[in-house]
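Structure file work06.cif (mmCIF, C-alpha atoms and all ligand atoms) is printed below.
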```cif
data_run
loop_
_atom_site.label_atom_id
_atom_site.label_comp_id
_atom_site.auth_asym_id
_atom_site.auth_seq_id
_atom_site.Cartn_x
_atom_site.Cartn_y
_atom_site.Cartn_z
CA MET A 7 -29.33 -8.96 8.60
CA SER A 8 -25.78 -10.02 7.68
CA GLU A 9 -22.98 -9.02 10.04
CA ALA A 10 -20.80 -6.04 9.11
CA PRO A 11 -17.56 -7.23 7.48
CA GLY A 12 -14.57 -7.16 9.83
CA ILE A 13 -11.38 -5.72 8.36
CA VAL A 14 -8.05 -5.35 10.15
CA VAL A 15 -6.04 -2.23 9.31
CA ALA A 16 -2.45 -1.79 10.46
CA ILE A 17 -0.55 1.49 10.27
CA THR A 18 3.24 1.26 10.52
CA GLY A 19 6.07 3.77 10.37
CA ALA A 20 6.49 4.33 6.64
CA SER A 21 5.60 7.63 5.04
CA GLY A 22 2.03 7.95 3.76
CA ALA A 23 -0.36 8.49 6.68
CA LEU A 24 -2.88 10.05 4.30
CA TYR A 25 -3.28 6.69 2.54
CA ALA A 26 -4.05 5.05 5.86
CA VAL A 27 -6.68 7.52 7.03
CA ARG A 28 -8.38 7.60 3.62
CA THR A 29 -8.55 3.80 3.68
CA LEU A 30 -9.95 3.80 7.21
CA ALA A 31 -12.61 6.40 6.33
CA ALA A 32 -13.66 4.52 3.20
CA LEU A 33 -13.97 1.19 5.06
CA LEU A 34 -15.98 2.85 7.83
CA ALA A 35 -18.26 4.46 5.24
CA GLU A 36 -18.82 0.93 3.86
CA GLY A 37 -20.15 -0.01 7.31
CA CYS A 38 -17.16 -2.14 8.24
CA ARG A 39 -16.12 -3.25 11.68
CA VAL A 40 -12.58 -1.92 11.45
CA GLU A 41 -10.00 -3.32 13.87
CA LEU A 42 -7.03 -0.99 13.95
CA VAL A 43 -3.52 -1.59 15.24
CA VAL A 44 -0.84 1.07 14.99
CA SER A 45 2.86 0.50 15.64
CA ASP A 46 4.85 2.99 17.73
CA PHE A 47 6.30 4.55 14.59
CA GLY A 48 2.86 4.47 12.99
CA ARG A 49 1.61 6.58 15.91
CA ARG A 50 4.44 9.02 15.33
CA LEU A 51 3.66 9.06 11.62
CA LEU A 52 0.03 10.06 12.18
CA ARG A 53 1.09 13.01 14.35
CA ASP A 54 4.08 14.06 12.17
CA GLU A 55 2.27 13.92 8.83
CA LEU A 56 -1.29 14.87 9.84
CA GLY A 57 -0.92 16.78 13.12
CA GLU A 58 -1.60 16.17 16.80
CA GLU A 59 -5.35 16.08 16.23
CA ALA A 60 -4.92 12.88 14.21
CA ALA A 61 -3.33 11.03 17.15
CA VAL A 62 -4.71 7.51 17.54
CA ASP A 63 -6.87 8.29 20.58
CA ARG A 64 -8.61 11.10 18.65
CA LEU A 65 -8.67 9.44 15.25
CA GLY A 66 -12.41 8.68 15.11
CA ALA A 67 -13.32 12.35 15.58
CA TRP A 68 -10.57 13.45 13.18
CA LEU A 69 -11.85 11.09 10.47
CA GLU A 70 -15.37 12.40 10.86
CA GLY A 71 -14.12 16.00 10.67
CA LYS A 72 -12.21 15.36 7.44
CA TYR A 73 -14.37 12.79 5.67
CA GLY A 74 -17.84 13.48 7.04
CA GLU A 75 -20.39 11.61 9.11
CA ALA A 76 -20.56 8.67 6.68
CA VAL A 77 -17.66 7.24 8.72
CA ARG A 78 -20.20 6.63 11.50
CA ARG A 79 -21.71 3.78 9.48
CA GLY A 80 -18.86 1.57 10.68
CA THR A 81 -17.11 0.92 13.98
CA LEU A 82 -13.48 1.49 14.90
CA GLN A 83 -11.80 -0.69 17.53
CA VAL A 84 -8.17 0.10 18.38
CA TYR A 85 -5.78 -2.52 19.80
CA SER A 86 -2.32 -2.09 21.27
CA ASN A 87 0.46 -3.44 19.08
CA ARG A 88 1.79 -5.18 22.21
CA ASP A 89 -1.47 -7.04 22.89
CA LEU A 90 -0.72 -10.43 21.38
CA GLY A 91 -3.86 -11.71 23.08
CA ALA A 92 -6.19 -9.41 21.12
CA PRO A 93 -8.97 -11.14 19.14
CA ILE A 94 -7.25 -10.46 15.79
CA ALA A 95 -4.26 -12.54 16.96
CA SER A 96 -6.39 -15.67 16.55
CA GLY A 97 -7.48 -17.50 13.42
CA SER A 98 -10.85 -18.18 15.03
CA HIS A 99 -11.64 -14.45 14.93
CA GLY A 100 -13.72 -13.71 11.87
CA SER A 101 -11.97 -10.90 10.03
CA ARG A 102 -12.43 -10.92 6.27
CA GLY A 103 -9.04 -9.41 5.46
CA MET A 104 -6.30 -7.04 6.45
CA ALA A 105 -4.41 -4.10 4.98
CA ILE A 106 -1.03 -2.89 6.24
CA VAL A 107 -0.99 0.71 5.05
CA PRO A 108 1.62 2.05 4.91
CA CYS A 109 3.92 -0.92 5.50
CA SER A 110 7.47 -0.20 6.68
CA MET A 111 10.36 -2.34 5.51
CA LYS A 112 10.80 -3.53 9.09
CA THR A 113 7.23 -4.79 9.37
CA LEU A 114 7.52 -6.23 5.86
CA ALA A 115 10.55 -8.24 6.99
CA GLY A 116 8.66 -9.49 10.04
CA VAL A 117 5.64 -10.59 7.99
CA ALA A 118 7.77 -12.14 5.24
CA ASN A 119 9.55 -14.30 7.81
CA GLY A 120 6.55 -15.16 9.99
CA LEU A 121 8.05 -13.57 13.11
CA SER A 122 4.78 -12.53 14.85
CA ARG A 123 6.67 -10.26 17.29
CA SER A 124 3.90 -7.67 17.47
CA LEU A 125 0.14 -7.68 16.96
CA VAL A 126 0.61 -6.23 13.45
CA GLU A 127 2.90 -9.10 12.51
CA ARG A 128 0.77 -11.74 14.24
CA ALA A 129 -2.50 -10.54 12.67
CA ALA A 130 -0.81 -10.61 9.25
CA ASP A 131 0.50 -14.12 9.96
CA VAL A 132 -3.05 -15.18 10.83
CA MET A 133 -4.32 -13.85 7.48
CA LEU A 134 -1.68 -15.86 5.63
CA LYS A 135 -2.22 -19.10 7.54
CA GLU A 136 -6.02 -18.83 7.21
CA GLN A 137 -5.61 -17.96 3.50
CA ARG A 138 -7.50 -14.70 3.85
CA ARG A 139 -6.76 -11.52 1.94
CA LEU A 140 -3.67 -9.68 3.19
CA VAL A 141 -2.88 -6.41 1.38
CA ILE A 142 0.61 -5.03 1.96
CA VAL A 143 1.19 -1.41 0.93
CA PRO A 144 4.99 -0.94 1.10
CA ARG A 145 6.62 2.50 0.95
CA GLU A 146 10.33 2.83 0.45
CA THR A 147 12.54 4.07 -2.34
CA PRO A 148 14.91 2.87 -3.58
CA MET A 149 14.59 -0.71 -2.32
CA SER A 150 17.42 -3.02 -1.29
CA LEU A 151 17.68 -6.62 -2.42
CA PRO A 152 16.57 -7.95 1.02
CA GLN A 153 13.50 -5.69 0.86
CA LEU A 154 12.66 -6.88 -2.66
CA ARG A 155 13.11 -10.49 -1.53
CA ASN A 156 10.77 -9.89 1.39
CA LEU A 157 8.11 -8.62 -1.01
CA VAL A 158 8.50 -11.80 -3.05
CA LEU A 159 8.24 -13.94 0.09
CA CYS A 160 4.98 -12.22 1.02
CA ALA A 161 3.58 -12.62 -2.50
CA GLU A 162 4.56 -16.30 -2.51
CA ALA A 163 2.79 -16.75 0.83
CA GLY A 164 -0.42 -15.38 -0.70
CA ALA A 165 -0.35 -11.68 0.20
CA MET A 166 -1.19 -9.00 -2.33
CA VAL A 167 1.65 -6.52 -2.66
CA LEU A 168 0.04 -3.20 -3.54
CA PRO A 169 2.82 -0.58 -3.58
CA ALA A 170 2.08 3.01 -2.63
CA MET A 171 2.34 4.11 -6.28
CA PRO A 172 -0.60 6.33 -7.18
CA ALA A 173 -1.35 6.81 -10.88
CA PHE A 174 -1.68 10.14 -12.63
CA TYR A 175 -3.99 9.25 -15.51
CA GLN A 176 -6.98 10.39 -13.44
CA GLN A 177 -5.37 13.86 -13.40
CA PRO A 178 -5.17 14.36 -9.62
CA LYS A 179 -5.55 17.94 -8.41
CA SER A 180 -4.58 17.37 -4.80
CA LEU A 181 -2.91 15.04 -2.34
CA ASP A 182 -6.40 13.87 -1.39
CA ASP A 183 -6.97 12.76 -4.99
CA LEU A 184 -3.78 10.65 -4.78
CA ALA A 185 -4.89 9.18 -1.46
CA ASP A 186 -8.34 8.42 -2.92
CA PHE A 187 -6.65 6.43 -5.68
CA MET A 188 -4.58 4.33 -3.27
CA ALA A 189 -7.50 3.78 -0.89
CA GLY A 190 -9.65 2.74 -3.84
CA LYS A 191 -7.06 0.16 -4.90
CA ILE A 192 -6.96 -1.20 -1.35
CA LEU A 193 -10.77 -1.40 -1.10
CA SER A 194 -10.92 -3.23 -4.45
CA ALA A 195 -8.29 -5.68 -3.19
CA LEU A 196 -10.40 -6.31 -0.09
CA GLY A 197 -13.47 -6.99 -2.24
CA PHE A 198 -15.40 -3.73 -1.96
CA ASP A 199 -16.99 -1.72 -4.77
CA HIS A 200 -16.27 1.99 -4.48
CA ALA A 201 -16.25 5.29 -6.34
CA LEU A 202 -12.96 6.61 -4.98
CA TYR A 203 -11.53 7.18 -8.44
CA PRO A 204 -12.97 7.02 -11.95
CA MET A 205 -12.54 3.62 -13.57
CA TRP A 206 -10.25 3.56 -16.63
CA THR A 207 -12.35 3.69 -19.80
CA GLY A 208 -9.58 3.58 -22.39
CA SER A 209 -8.92 7.33 -22.67
CA VAL A 210 -8.62 10.36 -20.37
C1 LIG B 301 10.15 10.37 9.61
C2 LIG B 301 10.37 8.91 9.33
C3 LIG B 301 10.04 8.41 8.07
C4 LIG B 301 10.22 7.06 7.78
N1 LIG B 301 9.84 6.59 6.56
C5 LIG B 301 9.96 5.29 6.28
C6 LIG B 301 9.50 4.78 5.03
O1 LIG B 301 8.96 5.49 4.19
N2 LIG B 301 9.64 3.44 4.82
C7 LIG B 301 10.18 2.59 5.74
O2 LIG B 301 10.25 1.40 5.48
N3 LIG B 301 10.64 3.06 6.93
C8 LIG B 301 10.54 4.38 7.23
N4 LIG B 301 10.98 4.86 8.44
C9 LIG B 301 11.65 3.95 9.36
C10 LIG B 301 10.66 3.13 10.17
O3 LIG B 301 9.73 3.98 10.83
C11 LIG B 301 11.43 2.29 11.20
O4 LIG B 301 12.15 1.28 10.53
C12 LIG B 301 10.57 1.70 12.26
O5 LIG B 301 11.37 0.88 13.09
C13 LIG B 301 9.43 0.87 11.67
O6 LIG B 301 8.77 0.22 12.73
P1 LIG B 301 7.30 -0.35 12.55
O7 LIG B 301 7.30 -1.18 11.33
O8 LIG B 301 7.08 -1.14 13.79
O9 LIG B 301 6.38 0.83 12.44
C14 LIG B 301 10.79 6.20 8.75
C15 LIG B 301 11.09 6.71 10.02
C16 LIG B 301 10.88 8.04 10.31
C17 LIG B 301 11.22 8.55 11.68
#
```

Take the structure in the file and give it back as structure tokens.
Amino acid sequence: MSEAPGIVVAITGASGALYAVRTLAALLAEGCRVELVVSDFGRRLLRDELGEEAAVDRLGAWLEGKYGEAVRRGTLQVYSNRDLGAPIASGSHGSRGMAIVPCSMKTLAGVANGLSRSLVERAADVMLKEQRRLVIVPRETPMSLPQLRNLVLCAEAGAMVLPAMPAFYQQPKSLDDLADFMAGKILSALGFDHALYPMWTGSV
């Protein structure tokens, strides 16, 4: 039996916690070994936008409550953002790819410039140096010139910049529909088939 794919997910302090949890649930339902690292502001984001019950130490149960027991097909391992000795800090650790969702402009700047100050930044640096898939989901508006330049630096280094810009052609009825769309885009970028939103067929 082939080993479950390992995917790193980072949550940082930009608005859009719903995108992060939908992505986590979808990866878990795919049977992934998800390695999660959440910055201090990412932890605050989960509580502020989703409530205390979605705090990192209760996230597994919260995901199952919202998205159902399919999330049990995968495993969720949480690392401290200060643990620069965690397995995902090394290129020899076999993760297939990584998504930073949502990605703050601060973390974007750190990744763009290879700073590796935190586990989020180091794990992203590992993805770039090992030429594995790194999906960056930035959220800020409007954007300054330094922020735009940092996006270009990441794209030039091989990352996929996948802005938190849900579409409306699928006629979303709820915030969950918008989150499904973004999570679906992220799963596609990481190489997974999914049914999170209807594929475009040429007309609505
Ligand atoms: C309520 C709140 C909302 C924020 N929203 C954003 C945002 O959408 N985009 C962003 O780049 N930063 C945002 N920030 C600022 C970041 O959280 C801040 O720059 C932080 O230092 C990011 O650190 P991190 O990347 O380690 O999570 C927000 C902060 C707060 C408190």

**Q.** Residues within 9 Å of Arg145 (chain A), all atoms listed in the file, excluding chain neighbours under 2 positions, as a PyMOL selection string
**A.** chain A and resi 20-22+107-111+143+147+169-171

Q) Would you name the residues within 9 Å of ligand LIG 301 (chain B), counting all atoms listed in the file, and put them as a PyMOL selection string? A) chain A and resi 17-22+44-51+54-55+87+108-116+124+126+144-147

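Closest to Gly97 (chain A) among A:Ala61, A:Arg138, A:Val158, A:Leu69 is A:Arg138, based on only C-alpha atoms.
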
Q) If you count only C-alpha atoms, which residues fall within 12 Å of Gln176 (chain A), apart from same-chain ones fewer than 5 positions away, as a count of residues only? A) 13

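Across the model, the gap from CA of Leu52 (chain A) to CA of Ala23 (chain A) is 5.7 Å.
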
(Q) Can you pull out the residues contacting Val40 (chain A)? Cut-off 6 Å, using all atoms listed in the file, and skip same-chain residues under 6 positions away; I want them as a PyMOL selection string. (A) chain A and resi 12-14+81-82

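The spacing separating CA of Glu136 (chain A) from CA of Arg78 (chain A) amounts to 29.5 Å.
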
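Our summary of the geometry notes that CA of Tyr85 (chain A) is positioned 23.8 Å from CA of Gly197 (chain A).
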
Q.
Can you pull out the residues contacting Leu159 (chain A)? Cut-off 10 Å, using all atoms listed in the file, and skip same-chain residues under 3 positions away; I want them as number ranges by chain.
A. A: 114-115, 117-119, 153-156, 162-165

Q: Find the spatial neighbours of Tyr73 (chain A), counting all atoms listed in the file, within a cut-off of 12 Å - ignore same-chain residues fewer than 2 positions away - and output them as an MDAnalysis selection string.
A: chainID A and resid 24 27:35 65:71 75:78 182 186

Selected residues written out with C-alpha atoms, as a compact mmCIF listing (two decimals), in the coordinates of the input:
```
# COMPACT_ATOMS: atom_id res chain seq x y z
CA LEU A 24 -2.88 10.05 4.30
CA VAL A 27 -6.68 7.52 7.03
CA ARG A 28 -8.38 7.60 3.62
CA THR A 29 -8.55 3.80 3.68
CA LEU A 30 -9.95 3.80 7.21
CA ALA A 31 -12.61 6.40 6.33
CA ALA A 32 -13.66 4.52 3.20
CA LEU A 33 -13.97 1.19 5.06
CA LEU A 34 -15.98 2.85 7.83
CA ALA A 35 -18.26 4.46 5.24
CA LEU A 65 -8.67 9.44 15.25
CA GLY A 66 -12.41 8.68 15.11
CA ALA A 67 -13.32 12.35 15.58
CA TRP A 68 -10.57 13.45 13.18
CA LEU A 69 -11.85 11.09 10.47
CA GLU A 70 -15.37 12.40 10.86
CA GLY A 71 -14.12 16.00 10.67
CA GLU A 75 -20.39 11.61 9.11
CA ALA A 76 -20.56 8.67 6.68
CA VAL A 77 -17.66 7.24 8.72
CA ARG A 78 -20.20 6.63 11.50
CA ASP A 182 -6.40 13.87 -1.39
CA ASP A 186 -8.34 8.42 -2.92
```

Q) Could you tell me, as a VMD selection string, which residues have any atom at most 12 Å from (-8.0, -11.8, 19.6), counting only C-alpha atoms? A) chain A and resid 14 41 43 83 to 87 89 to 101 125 to 126 128 to 129 132

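Considering the residues A:Ala10, A:Ala105, A:Met166, A:Ala173 and counting all atoms listed in the file, Ala130 (chain A) has its shortest atom-to-atom contact with A:Ala105.
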
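Ranking A:Leu193, A:Ala185, A:Ala201, A:Leu151 by their shortest atom-to-atom distance to Val15 (chain A), with all atoms listed in the file included, puts A:Leu193 first.
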
**Q.** For Lys191 (chain A), the nearest of the candidates A:Tyr25, A:Pro148, A:Glu58, A:Leu134, counting only C-alpha atoms
**A.** A:Tyr25

Emit as lines of an AutoDock Vina configuration file the padded axis-aligned box for all listed atoms of region 20-37 of chain A, 5 Å per side, with centre and edge lengths in Å to one decimal.
```
center_x = -6.8
center_y = 5.0
center_z = 5.2
size_x = 36.6
size_y = 20.1
size_z = 15.3
```

Rebuild region 102-131 of chain A to N, CA and C atoms - output it as an mmCIF file, keeping the file's coordinate frame, please.
```
data_model
loop_
_atom_site.group_PDB
_atom_site.id
_atom_site.type_symbol
_atom_site.label_atom_id
_atom_site.label_comp_id
_atom_site.auth_asym_id
_atom_site.auth_seq_id
_atom_site.Cartn_x
_atom_site.Cartn_y
_atom_site.Cartn_z
ATOM 1 N N ARG A 102 -12.425 -10.551 7.696
ATOM 2 C CA ARG A 102 -12.430 -10.920 6.270
ATOM 3 C C ARG A 102 -11.052 -10.737 5.635
ATOM 4 N N GLY A 103 -10.339 -9.707 6.068
ATOM 5 C CA GLY A 103 -9.040 -9.410 5.460
ATOM 6 C C GLY A 103 -8.326 -8.332 6.238
ATOM 7 N N MET A 104 -7.134 -8.006 5.734
ATOM 8 C CA MET A 104 -6.300 -7.040 6.450
ATOM 9 C C MET A 104 -5.495 -6.222 5.436
ATOM 10 N N ALA A 105 -5.311 -4.954 5.766
ATOM 11 C CA ALA A 105 -4.410 -4.100 4.980
ATOM 12 C C ALA A 105 -3.368 -3.514 5.917
ATOM 13 N N ILE A 106 -2.103 -3.574 5.511
ATOM 14 C CA ILE A 106 -1.030 -2.890 6.240
ATOM 15 C C ILE A 106 -0.683 -1.678 5.397
ATOM 16 N N VAL A 107 -1.103 -0.501 5.862
ATOM 17 C CA VAL A 107 -0.990 0.710 5.050
ATOM 18 C C VAL A 107 -0.652 1.903 5.927
ATOM 19 N N PRO A 108 0.513 2.528 5.724
ATOM 20 C CA PRO A 108 1.620 2.050 4.910
ATOM 21 C C PRO A 108 2.387 0.960 5.652
ATOM 22 N N CYS A 109 3.148 0.167 4.900
ATOM 23 C CA CYS A 109 3.920 -0.920 5.500
ATOM 24 C C CYS A 109 5.415 -0.584 5.446
ATOM 25 N N SER A 110 6.020 -0.476 6.614
ATOM 26 C CA SER A 110 7.470 -0.200 6.680
ATOM 27 C C SER A 110 8.246 -1.441 6.248
ATOM 28 N N MET A 111 9.489 -1.228 5.904
ATOM 29 C CA MET A 111 10.360 -2.340 5.510
ATOM 30 C C MET A 111 10.641 -3.257 6.696
ATOM 31 N N LYS A 112 10.595 -2.693 7.899
ATOM 32 C CA LYS A 112 10.800 -3.530 9.090
ATOM 33 C C LYS A 112 9.612 -4.473 9.298
ATOM 34 N N THR A 113 8.406 -3.922 9.225
ATOM 35 C CA THR A 113 7.230 -4.790 9.370
ATOM 36 C C THR A 113 7.149 -5.775 8.219
ATOM 37 N N LEU A 114 7.484 -5.316 7.017
ATOM 38 C CA LEU A 114 7.520 -6.230 5.860
ATOM 39 C C LEU A 114 8.419 -7.423 6.146
ATOM 40 N N ALA A 115 9.610 -7.147 6.691
ATOM 41 C CA ALA A 115 10.550 -8.240 6.990
ATOM 42 C C ALA A 115 9.956 -9.198 8.008
ATOM 43 N N GLY A 116 9.270 -8.643 9.007
ATOM 44 C CA GLY A 116 8.660 -9.490 10.040
ATOM 45 C C GLY A 116 7.563 -10.373 9.470
ATOM 46 N N VAL A 117 6.734 -9.812 8.588
ATOM 47 C CA VAL A 117 5.640 -10.590 7.990
ATOM 48 C C VAL A 117 6.215 -11.643 7.041
ATOM 49 N N ALA A 118 7.189 -11.228 6.239
ATOM 50 C CA ALA A 118 7.770 -12.140 5.240
ATOM 51 C C ALA A 118 8.369 -13.373 5.901
ATOM 52 N N ASN A 119 8.866 -13.195 7.122
ATOM 53 C CA ASN A 119 9.550 -14.300 7.810
ATOM 54 C C ASN A 119 8.739 -14.894 8.950
ATOM 55 N N GLY A 120 7.465 -14.543 9.020
ATOM 56 C CA GLY A 120 6.550 -15.160 9.990
ATOM 57 C C GLY A 120 6.949 -14.946 11.442
ATOM 58 N N LEU A 121 7.486 -13.767 11.768
ATOM 59 C CA LEU A 121 8.050 -13.570 13.110
ATOM 60 C C LEU A 121 6.989 -13.371 14.204
ATOM 61 N N SER A 122 5.867 -12.730 13.877
ATOM 62 C CA SER A 122 4.780 -12.530 14.850
ATOM 63 C C SER A 122 5.253 -11.890 16.162
ATOM 64 N N ARG A 123 6.158 -10.911 16.067
ATOM 65 C CA ARG A 123 6.670 -10.260 17.290
ATOM 66 C C ARG A 123 5.707 -9.245 17.860
ATOM 67 N N SER A 124 4.845 -8.718 17.053
ATOM 68 C CA SER A 124 3.900 -7.670 17.470
ATOM 69 C C SER A 124 2.519 -8.083 16.989
ATOM 70 N N LEU A 125 1.494 -7.325 17.428
ATOM 71 C CA LEU A 125 0.140 -7.680 16.960
ATOM 72 C C LEU A 125 0.010 -7.463 15.448
ATOM 73 N N VAL A 126 0.673 -6.426 14.912
ATOM 74 C CA VAL A 126 0.610 -6.230 13.450
ATOM 75 C C VAL A 126 1.132 -7.488 12.749
ATOM 76 N N GLU A 127 2.300 -7.936 13.172
ATOM 77 C CA GLU A 127 2.900 -9.100 12.510
ATOM 78 C C GLU A 127 2.070 -10.368 12.739
ATOM 79 N N ARG A 128 1.561 -10.531 13.946
ATOM 80 C CA ARG A 128 0.770 -11.740 14.240
ATOM 81 C C ARG A 128 -0.549 -11.748 13.439
ATOM 82 N N ALA A 129 -1.228 -10.605 13.409
ATOM 83 C CA ALA A 129 -2.500 -10.540 12.670
ATOM 84 C C ALA A 129 -2.262 -10.839 11.189
ATOM 85 N N ALA A 130 -1.131 -10.336 10.655
ATOM 86 C CA ALA A 130 -0.810 -10.610 9.250
ATOM 87 C C ALA A 130 -0.514 -12.103 9.061
ATOM 88 N N ASP A 131 0.195 -12.690 10.013
ATOM 89 C CA ASP A 131 0.500 -14.120 9.960
ATOM 90 C C ASP A 131 -0.788 -14.948 9.966
#
```
